[in-house]
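Enquirer: Sharing a structure below in structure tokens format, with a few things to ask.
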Amino acid sequence: MTLAINTSCLFLLVHYTPANPIIGQLLSTCIGMFINFFLNKIWTFKHTNHRSIGGKA
């Protein structure tokens, strides 16, 4: 999924903005990493119960 986001961002940055391809790759990699991190965080911890140890929160 990150590969698709990275490739899409790179295409959009290089073809529709005056960005250098190296700068576009850097930006698209950062965007892909942030999206991958947050989606993984949401998917991994979606069933976390936020109660205290005693059960009284």
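Each chain of the structure tokens is named A, B, ... in the order shown, its residues numbered from 1; ligands are numbered from 1 in display order.
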Using the chain letters and numbers from this document, which residues of chain A does DSSP assign to alpha helix (DSSP H), as a PyMOL selection string?
Expert: chain A and resi 2-16+21-44
Enquirer: Quick one: residues within 9 Å of Met1 in chain A, only C-alpha atoms counted, chain neighbours fewer than 5 positions away excluded, as a list in words?
Expert: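 So the residues in contact are Asn6, Gly32 and Asn36 of chain A.
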Enquirer: Rounded to one decimal place, report the CA of Lys41 in chain A-CA of Ile22 in chain A distance in Å.
Expert: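 Spanning CA of Lys41 in chain A to CA of Ile22 in chain A is a straight-line distance of 28.6 Å.
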Enquirer: Using only C-alpha atoms, which of A:Pro18, A:Leu12, A:Thr2, A:Thr44 sits nearest Cys30 in chain A?
Expert: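 With only C-alpha atoms as the atom set, the closest residue is A:Thr2.
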